[in-house]
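Novice: One file: input29.pdb (PDB, C-alpha atoms and all ligand atoms).
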ATOM      1  CA  MET A   1     131.522  53.065  99.599
ATOM      2  CA  ASP A   2     134.455  50.758  98.917
ATOM      3  CA  ASP A   3     135.477  49.143  95.667
ATOM      4  CA  ALA A   4     137.815  46.372  96.757
ATOM      5  CA  ASP A   5     138.826  45.487  93.175
ATOM      6  CA  VAL A   6     140.748  48.690  92.640
ATOM      7  CA  ASN A   7     141.379  49.482  96.294
ATOM      8  CA  VAL A   8     139.599  52.793  95.909
ATOM      9  CA  VAL A   9     137.390  54.385  98.517
ATOM     10  CA  VAL A  10     134.693  56.694  97.182
ATOM     11  CA  ARG A  11     133.246  59.285  99.546
ATOM     12  CA  ALA A  12     131.299  62.516  99.365
ATOM     13  CA  ALA A  13     133.380  65.686  99.475
ATOM     14  CA  THR A  14     133.115  68.147 102.335
ATOM     15  CA  ALA A  15     133.727  71.899 102.248
ATOM     16  CA  GLY A  16     137.340  71.398 103.297
ATOM     17  CA  ASP A  17     138.045  69.364 100.148
ATOM     18  CA  ALA A  18     137.273  72.188  97.714
ATOM     19  CA  GLY A  19     140.854  73.380  97.252
ATOM     20  CA  ALA A  20     142.195  69.875  96.620
ATOM     21  CA  VAL A  21     139.382  69.170  94.166
ATOM     22  CA  LEU A  22     140.162  72.326  92.175
ATOM     23  CA  ALA A  23     143.855  71.370  92.135
ATOM     24  CA  LEU A  24     142.992  67.907  90.824
ATOM     25  CA  TRP A  25     140.767  69.375  88.112
ATOM     26  CA  ARG A  26     143.610  71.650  86.968
ATOM     27  CA  LYS A  27     145.748  68.536  86.449
ATOM     28  CA  ALA A  28     143.151  66.038  85.292
ATOM     29  CA  ALA A  29     139.902  67.520  83.968
ATOM     30  CA  GLU A  30     139.181  68.122  80.287
ATOM     31  CA  GLY A  31     138.854  71.875  80.811
ATOM     32  CA  VAL A  32     137.906  74.584  83.259
ATOM     33  CA  SER A  33     134.471  76.153  83.329
ATOM     34  CA  VAL A  34     132.396  78.916  84.805
ATOM     35  CA  THR A  35     131.978  77.220  88.203
ATOM     36  CA  ASP A  36     135.612  76.256  88.822
ATOM     37  CA  ASP A  37     136.415  78.267  91.905
ATOM     38  CA  LEU A  38     136.092  77.897  95.677
ATOM     39  CA  ASP A  39     132.724  79.631  95.666
ATOM     40  CA  GLY A  40     131.397  77.350  92.928
ATOM     41  CA  VAL A  41     132.544  74.125  94.568
ATOM     42  CA  GLY A  42     131.375  75.358  97.972
ATOM     43  CA  ARG A  43     127.905  76.068  96.609
ATOM     44  CA  LEU A  44     127.677  72.601  95.118
ATOM     45  CA  ILE A  45     128.592  70.947  98.425
ATOM     46  CA  ALA A  46     126.229  73.197 100.402
ATOM     47  CA  ARG A  47     123.363  72.627  97.931
ATOM     48  CA  ASP A  48     123.793  68.855  97.766
ATOM     49  CA  PRO A  49     126.375  67.417 100.185
ATOM     50  CA  GLN A  50     126.323  63.997  98.488
ATOM     51  CA  ALA A  51     126.824  65.169  94.913
ATOM     52  CA  LEU A  52     130.582  65.610  94.654
ATOM     53  CA  LEU A  53     132.181  62.179  94.922
ATOM     54  CA  LEU A  54     135.901  61.727  95.552
ATOM     55  CA  ALA A  55     137.973  58.638  94.855
ATOM     56  CA  GLU A  56     140.856  58.092  97.239
ATOM     57  CA  ARG A  57     143.544  55.478  97.220
ATOM     58  CA  GLN A  58     145.568  55.176 100.402
ATOM     59  CA  GLY A  59     144.504  58.693 101.335
ATOM     60  CA  GLU A  60     145.481  60.243  97.996
ATOM     61  CA  LEU A  61     142.755  62.046  96.044
ATOM     62  CA  VAL A  62     142.903  60.367  92.634
ATOM     63  CA  GLY A  63     139.593  61.187  90.967
ATOM     64  CA  THR A  64     136.232  62.920  91.076
ATOM     65  CA  VAL A  65     132.775  62.900  89.628
ATOM     66  CA  ILE A  66     129.789  65.139  90.278
ATOM     67  CA  ALA A  67     126.605  63.067  90.535
ATOM     68  CA  GLY A  68     123.823  65.630  90.549
ATOM     69  CA  PHE A  69     120.129  64.808  90.906
ATOM     70  CA  ASP A  70     117.666  67.657  90.511
ATOM     71  CA  GLY A  71     114.573  65.601  91.288
ATOM     72  CA  TRP A  72     114.000  65.013  87.603
ATOM     73  CA  ARG A  73     117.157  63.717  85.932
ATOM     74  CA  CYS A  74     120.619  62.567  86.920
ATOM     75  CA  HIS A  75     123.557  64.589  85.634
ATOM     76  CA  LEU A  76     127.221  63.641  85.710
ATOM     77  CA  TYR A  77     129.999  66.192  85.513
ATOM     78  CA  ARG A  78     133.725  66.365  86.170
ATOM     79  CA  LEU A  79     134.646  62.733  85.759
ATOM     80  CA  ALA A  80     138.405  63.153  86.103
ATOM     81  CA  VAL A  81     141.269  60.923  87.217
ATOM     82  CA  LEU A  82     144.880  61.940  87.834
ATOM     83  CA  PRO A  83     146.968  61.090  84.753
ATOM     84  CA  ALA A  84     149.269  58.810  86.764
ATOM     85  CA  ARG A  85     146.303  56.853  88.133
ATOM     86  CA  ARG A  86     144.421  56.143  84.902
ATOM     87  CA  ARG A  87     143.481  52.710  83.511
ATOM     88  CA  GLN A  88     143.232  51.351  87.034
ATOM     89  CA  GLY A  89     139.457  51.333  87.316
ATOM     90  CA  VAL A  90     139.104  54.610  89.207
ATOM     91  CA  ALA A  91     136.566  56.153  86.808
ATOM     92  CA  ALA A  92     134.625  52.904  86.758
ATOM     93  CA  ALA A  93     134.491  52.926  90.580
ATOM     94  CA  LEU A  94     133.309  56.561  90.567
ATOM     95  CA  LEU A  95     130.577  55.856  88.023
ATOM     96  CA  ALA A  96     129.442  52.819  89.990
ATOM     97  CA  ALA A  97     129.159  54.958  93.134
ATOM     98  CA  ALA A  98     127.329  57.699  91.231
ATOM     99  CA  GLU A  99     124.852  55.207  89.813
ATOM    100  CA  ARG A 100     124.265  53.702  93.271
ATOM    101  CA  ARG A 101     123.408  57.195  94.460
ATOM    102  CA  PHE A 102     121.041  57.763  91.561
ATOM    103  CA  ALA A 103     119.342  54.410  92.162
ATOM    104  CA  GLN A 104     118.805  55.256  95.837
ATOM    105  CA  LEU A 105     117.214  58.564  94.791
ATOM    106  CA  GLY A 106     114.912  56.943  92.249
ATOM    107  CA  GLY A 107     116.733  58.344  89.228
ATOM    108  CA  ARG A 108     115.743  56.834  85.912
ATOM    109  CA  ARG A 109     118.429  58.033  83.507
ATOM    110  CA  ALA A 110     121.891  59.524  83.821
ATOM    111  CA  ASP A 111     123.551  61.850  81.338
ATOM    112  CA  ALA A 112     126.927  63.489  80.889
ATOM    113  CA  MET A 113     128.284  66.417  78.896
ATOM    114  CA  VAL A 114     131.165  65.046  76.836
ATOM    115  CA  LEU A 115     133.279  67.025  74.379
ATOM    116  CA  THR A 116     132.855  65.800  70.819
ATOM    117  CA  GLY A 117     136.621  65.544  70.311
ATOM    118  CA  ASN A 118     137.472  63.856  73.617
ATOM    119  CA  ALA A 119     138.114  60.332  72.338
ATOM    120  CA  LEU A 120     139.610  59.209  75.659
ATOM    121  CA  ALA A 121     136.432  60.159  77.485
ATOM    122  CA  HIS A 122     134.279  58.490  74.835
ATOM    123  CA  ARG A 123     136.001  55.172  75.579
ATOM    124  CA  ALA A 124     135.422  55.483  79.308
ATOM    125  CA  TRP A 125     131.766  56.505  78.932
ATOM    126  CA  ARG A 126     131.088  53.746  76.425
ATOM    127  CA  ALA A 127     132.735  51.233  78.761
ATOM    128  CA  GLY A 128     130.298  52.423  81.433
ATOM    129  CA  GLY A 129     127.304  51.836  79.170
ATOM    130  CA  TYR A 130     126.706  55.461  78.049
ATOM    131  CA  ARG A 131     125.900  56.360  74.439
ATOM    132  CA  PRO A 132     125.697  59.742  72.645
ATOM    133  CA  GLN A 133     122.340  61.205  71.645
ATOM    134  CA  GLU A 134     123.371  62.734  68.315
ATOM    135  CA  GLU A 135     119.997  64.421  67.733
ATOM    136  CA  TRP A 136     120.348  66.724  70.780
ATOM    137  CA  GLN A 137     122.513  69.818  71.342
ATOM    138  CA  ARG A 138     123.125  71.710  74.542
ATOM    139  CA  TRP A 139     121.764  75.284  74.462
ATOM    140  CA  VAL A 140     123.356  77.651  76.973
ATOM    141  CA  LYS A 141     123.092  81.184  78.295
ATOM    142  CA  PRO A 142     125.585  82.639  80.786
ATOM    143  CA  LEU A 143     123.730  84.073  83.785
ATOM    144  CA  PRO A 144     124.541  87.399  85.455
ATOM    145  CA  ARG A 145     126.344  87.158  88.792
ATOM    146  CA  GLN A 146     123.880  89.656  90.265
ATOM    147  CA  LEU A 147     120.146  89.112  90.498
ATOM    148  CA  PRO A 148     118.323  90.694  87.562
ATOM    149  CA  ARG A 149     115.872  93.430  88.590
TER     150      ARG A 149
HETATM  151  C1  LIG B 201     138.264  59.534  81.062
HETATM  152  C2  LIG B 201     138.920  59.191  82.415
HETATM  153  C3  LIG B 201     138.090  59.812  83.531
HETATM  154  C4  LIG B 201     138.958  57.665  82.577
HETATM  155  O1  LIG B 201     139.468  57.375  83.873
HETATM  156  P1  LIG B 201     140.171  55.976  84.224
HETATM  157  O2  LIG B 201     140.207  55.849  85.696
HETATM  158  O3  LIG B 201     141.446  55.875  83.503
HETATM  159  O4  LIG B 201     139.140  54.910  83.617
HETATM  160  P2  LIG B 201     139.018  53.381  84.058
HETATM  161  O5  LIG B 201     140.383  52.847  84.389
HETATM  162  O6  LIG B 201     137.965  53.245  85.088
HETATM  163  O7  LIG B 201     138.572  52.732  82.685
HETATM  164  C5  LIG B 201     137.284  52.132  82.539
HETATM  165  C6  LIG B 201     137.197  51.645  81.104
HETATM  166  O8  LIG B 201     137.138  52.738  80.204
HETATM  167  C7  LIG B 201     137.867  52.411  79.005
HETATM  168  N1  LIG B 201     139.049  53.283  78.908
HETATM  169  C8  LIG B 201     139.424  54.227  79.822
HETATM  170  N2  LIG B 201     140.564  54.840  79.391
HETATM  171  C9  LIG B 201     140.881  54.276  78.207
HETATM  172  C10 LIG B 201     141.934  54.473  77.287
HETATM  173  N3  LIG B 201     142.905  55.383  77.518
HETATM  174  N4  LIG B 201     141.967  53.710  76.160
HETATM  175  C11 LIG B 201     141.017  52.803  75.928
HETATM  176  N5  LIG B 201     139.983  52.532  76.785
HETATM  177  C12 LIG B 201     139.923  53.280  77.898
HETATM  178  C13 LIG B 201     138.289  50.970  79.147
HETATM  179  O9  LIG B 201     137.265  50.142  78.625
HETATM  180  C14 LIG B 201     138.378  50.842  80.653
HETATM  181  O10 LIG B 201     138.254  49.504  81.110
HETATM  182  P3  LIG B 201     139.567  48.556  81.078
HETATM  183  O11 LIG B 201     140.714  49.330  81.666
HETATM  184  O12 LIG B 201     139.128  47.381  81.911
HETATM  185  O13 LIG B 201     139.798  48.226  79.635
HETATM  186  C15 LIG B 201     140.377  59.724  82.484
HETATM  187  O14 LIG B 201     141.077  59.316  81.322
HETATM  188  C16 LIG B 201     140.452  61.236  82.573
HETATM  189  O15 LIG B 201     140.449  61.799  83.665
HETATM  190  N6  LIG B 201     140.546  61.922  81.417
HETATM  191  C17 LIG B 201     140.644  63.392  81.406
HETATM  192  C18 LIG B 201     139.363  64.057  81.886
HETATM  193  C19 LIG B 201     138.204  63.715  81.002
HETATM  194  O16 LIG B 201     138.282  63.802  79.779
HETATM  195  N7  LIG B 201     137.086  63.338  81.654
HETATM  196  C20 LIG B 201     135.837  63.039  80.973
HETATM  197  C21 LIG B 201     135.008  64.260  80.951
HETATM  198  S1  LIG B 201     133.532  64.018  79.987
END
Can I see the file as structure tokens?

Specialist:
Amino acid sequence: MDDADVNVVVRAATAGDAGAVLALWRKAAEGVSVTDDLDGVGRLIARDPQALLLAERQGELVGTVIAGFDGWRCHLYRLAVLPARRRQGVAAALLAAAERRFAQLGGRRADAMVLTGNALAHRAWRAGGYRPQEEWQRWVKPLPRQLPR
């Protein structure tokens, strides 16, 4: 996957990328969450080796997105670009690659979790054609690390 306009190469992450991805998220992502560790990233790559997409420019990791497809819907997480590499089309290239993946898999709609107060993200998602669904809320429950009996 190559986006010549911004000279960014987008590729799927491998297990060896997990440490660099976590380091990028510490610098660039909007927050850390329950899955932000080597085990969490490793599970993602093992479960779906094409889901974690990396943007590289001249070998430097500059951005990420997770493009997950569960057979039903398409979910985007961790759209993040290094602060020094923003407004250069990196997020747009990542979203284009994610949507190509979804199209190949037969996905019909993509969604993203976006913080209500993250105005910067709102601009990028809107530019990509995404719109909020104000009538929905996410309902969550933390799961135990051990299997329930
Ligand atoms: C949001 C983020 C991923 C955007 O990455 P980016 O590579 O700078 O975005 P792009 O350069 O591809 O921008 C695509 C379009 O989004 C809009 N946009 C992006 N950043 C913008 C900004 N700071 N101000 C106004 N519009 C902006 C523009 O329309 C832009 O197109 P243009 O540059 O041709 O005008 C990046 O700012 C980031 O990592 N933020 C912190 C993490 C985060 O909040 N991620 C979103 C999680 S939901």

Novice: Have a look at atom O9 of ligand LIG 201 (chain B) and CA of Ala119 (chain A) and let me know their distance in Å, one decimal.

Specialist: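 If I compute the distance from atom O9 of ligand LIG 201 (chain B) to CA of Ala119 (chain A), I get 12.0 Å.
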
Novice: Go through chain A residue by residue and, counting all atoms listed in the file, keep those with an atom at most 10 Å from ligand LIG 201 (chain B); for each kept residue give the shortest atom pair and its distance in Å to one decimal, ordered by chain and increasing number, as a Markdown table.

Specialist:
| residue | atom | partner | partner_atom | distance |
| --- | --- | --- | --- | --- |
| A:Val6 | CA | B:LIG201 | O5 | 9.2 |
| A:Leu24 | CA | B:LIG201 | O15 | 9.7 |
| A:Trp25 | CA | B:LIG201 | C18 | 8.3 |
| A:Lys27 | CA | B:LIG201 | C17 | 8.8 |
| A:Ala28 | CA | B:LIG201 | O15 | 5.3 |
| A:Ala29 | CA | B:LIG201 | C18 | 4.1 |
| A:Glu30 | CA | B:LIG201 | C18 | 4.4 |
| A:Gly31 | CA | B:LIG201 | C18 | 7.9 |
| A:Ala55 | CA | B:LIG201 | O2 | 9.8 |
| A:Val62 | CA | B:LIG201 | O2 | 8.7 |
| A:Gly63 | CA | B:LIG201 | O15 | 7.4 |
| A:Thr64 | CA | B:LIG201 | C3 | 8.4 |
| A:Val65 | CA | B:LIG201 | C3 | 8.7 |
| A:Leu76 | CA | B:LIG201 | S1 | 8.5 |
| A:Tyr77 | CA | B:LIG201 | S1 | 6.9 |
| A:Arg78 | CA | B:LIG201 | C21 | 5.8 |
| A:Leu79 | CA | B:LIG201 | N7 | 4.8 |
| A:Ala80 | CA | B:LIG201 | O15 | 3.5 |
| A:Val81 | CA | B:LIG201 | O15 | 3.7 |
| A:Leu82 | CA | B:LIG201 | O15 | 6.1 |
| A:Pro83 | CA | B:LIG201 | O15 | 6.6 |
| A:Ala84 | CA | B:LIG201 | O3 | 9.0 |
| A:Arg85 | CA | B:LIG201 | O2 | 6.6 |
| A:Arg86 | CA | B:LIG201 | O3 | 3.3 |
| A:Arg87 | CA | B:LIG201 | O5 | 3.2 |
| A:Gln88 | CA | B:LIG201 | O5 | 4.2 |
| A:Gly89 | CA | B:LIG201 | O6 | 3.3 |
| A:Val90 | CA | B:LIG201 | O2 | 3.9 |
| A:Ala91 | CA | B:LIG201 | O6 | 3.7 |
| A:Ala92 | CA | B:LIG201 | O6 | 3.7 |
| A:Ala93 | CA | B:LIG201 | O6 | 6.5 |
| A:Leu94 | CA | B:LIG201 | O6 | 7.9 |
| A:Leu95 | CA | B:LIG201 | O6 | 8.4 |
| A:Ala96 | CA | B:LIG201 | O6 | 9.8 |
| A:Ala112 | CA | B:LIG201 | S1 | 6.7 |
| A:Met113 | CA | B:LIG201 | S1 | 5.9 |
| A:Val114 | CA | B:LIG201 | S1 | 4.1 |
| A:Leu115 | CA | B:LIG201 | S1 | 6.4 |
| A:Thr116 | CA | B:LIG201 | S1 | 9.4 |
| A:Gly117 | CA | B:LIG201 | O16 | 9.8 |
| A:Asn118 | CA | B:LIG201 | O16 | 6.2 |
| A:Ala119 | CA | B:LIG201 | O16 | 8.2 |
| A:Leu120 | CA | B:LIG201 | N3 | 5.4 |
| A:Ala121 | CA | B:LIG201 | C1 | 4.1 |
| A:His122 | CA | B:LIG201 | C1 | 7.5 |
| A:Arg123 | CA | B:LIG201 | C7 | 4.8 |
| A:Ala124 | CA | B:LIG201 | O8 | 3.4 |
| A:Trp125 | CA | B:LIG201 | O8 | 6.7 |
| A:Arg126 | CA | B:LIG201 | O8 | 7.2 |
| A:Ala127 | CA | B:LIG201 | O9 | 4.7 |
| A:Gly128 | CA | B:LIG201 | C6 | 7.0 |
| A:Gly129 | CA | B:LIG201 | O8 | 9.9 |

Novice: Can you measure CA of Gln58 (chain A) to CA of Asp111 (chain A) for me? One decimal in Å is fine.

Specialist: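 Separation between CA of Gln58 (chain A) and CA of Asp111 (chain A): 29.9 Å.
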
Novice: Using CA of Leu38 (chain A) and CA of Gly59 (chain A) as the two end points, give the distance in Å to one decimal.

Specialist: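 That distance, rounded to one decimal, is 21.7 Å.
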
Novice: I'd like to see the residues matched by the PyMOL selection byres (((chain A and resi 18) around 10) and not hetatm) on this file, and ideally I'd get them as a PyMOL selection string.

Specialist: chain A and resi 13-17+19-24+36-42+44-45+52

Novice: Can I get the selection written as an mmCIF file, keeping the file's coordinate frame, with C-alpha atoms?

Specialist:
data_model
loop_
_atom_site.group_PDB
_atom_site.id
_atom_site.type_symbol
_atom_site.label_atom_id
_atom_site.label_comp_id
_atom_site.auth_asym_id
_atom_site.auth_seq_id
_atom_site.Cartn_x
_atom_site.Cartn_y
_atom_site.Cartn_z
ATOM 1 C CA ALA A 13 133.380 65.686 99.475
ATOM 2 C CA THR A 14 133.115 68.147 102.335
ATOM 3 C CA ALA A 15 133.727 71.899 102.248
ATOM 4 C CA GLY A 16 137.340 71.398 103.297
ATOM 5 C CA ASP A 17 138.045 69.364 100.148
ATOM 6 C CA GLY A 19 140.854 73.380 97.252
ATOM 7 C CA ALA A 20 142.195 69.875 96.620
ATOM 8 C CA VAL A 21 139.382 69.170 94.166
ATOM 9 C CA LEU A 22 140.162 72.326 92.175
ATOM 10 C CA ALA A 23 143.855 71.370 92.135
ATOM 11 C CA LEU A 24 142.992 67.907 90.824
ATOM 12 C CA ASP A 36 135.612 76.256 88.822
ATOM 13 C CA ASP A 37 136.415 78.267 91.905
ATOM 14 C CA LEU A 38 136.092 77.897 95.677
ATOM 15 C CA ASP A 39 132.724 79.631 95.666
ATOM 16 C CA GLY A 40 131.397 77.350 92.928
ATOM 17 C CA VAL A 41 132.544 74.125 94.568
ATOM 18 C CA GLY A 42 131.375 75.358 97.972
ATOM 19 C CA LEU A 44 127.677 72.601 95.118
ATOM 20 C CA ILE A 45 128.592 70.947 98.425
ATOM 21 C CA LEU A 52 130.582 65.610 94.654
#

Novice: Give me the residues within 10 Å of region 137-149 of chain A as a list of chain:residue names, counting only C-alpha atoms and dropping any in the same chain fewer than 2 places off.

Specialist: A:Val34, A:Met113, A:Gln133, A:Glu134, A:Glu135

Novice: The PyMOL selection byres (((chain A and resi 105) around 12) and not hetatm) on the file shown: which residues, as a ChimeraX atom specification?

Specialist: /A:50-51,67-74,98-104,106-110

Novice: Looking at all atoms listed in the file, which of A:Ser33, A:Ala12, A:Arg131, A:Asn7 is the one that sits closest to Ile66 (chain A)?

Specialist: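 With all atoms listed in the file as the atom set, the closest residue is A:Ala12.
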
Novice: Looking at A:Arg26, A:His75, A:Arg43, A:Arg11, which one is nearest to Glu56 (chain A), with distances taken over only C-alpha atoms?

Specialist: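 Residue with the minimum atom-to-atom distance to Glu56 (chain A): A:Arg11.
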
Novice: Using the file's own x, y and z axes, so that the box edges lie along x, y and z, what centre and edge lengths in Å (one decimal) does a box around every listed atom of region 111-117 of chain A get when 3 Å is added on each side? Give it as lines of an AutoDock Vina configuration file.

Specialist:
center_x = 130.1
center_y = 64.4
center_z = 75.8
size_x = 19.1
size_y = 11.2
size_z = 17.0
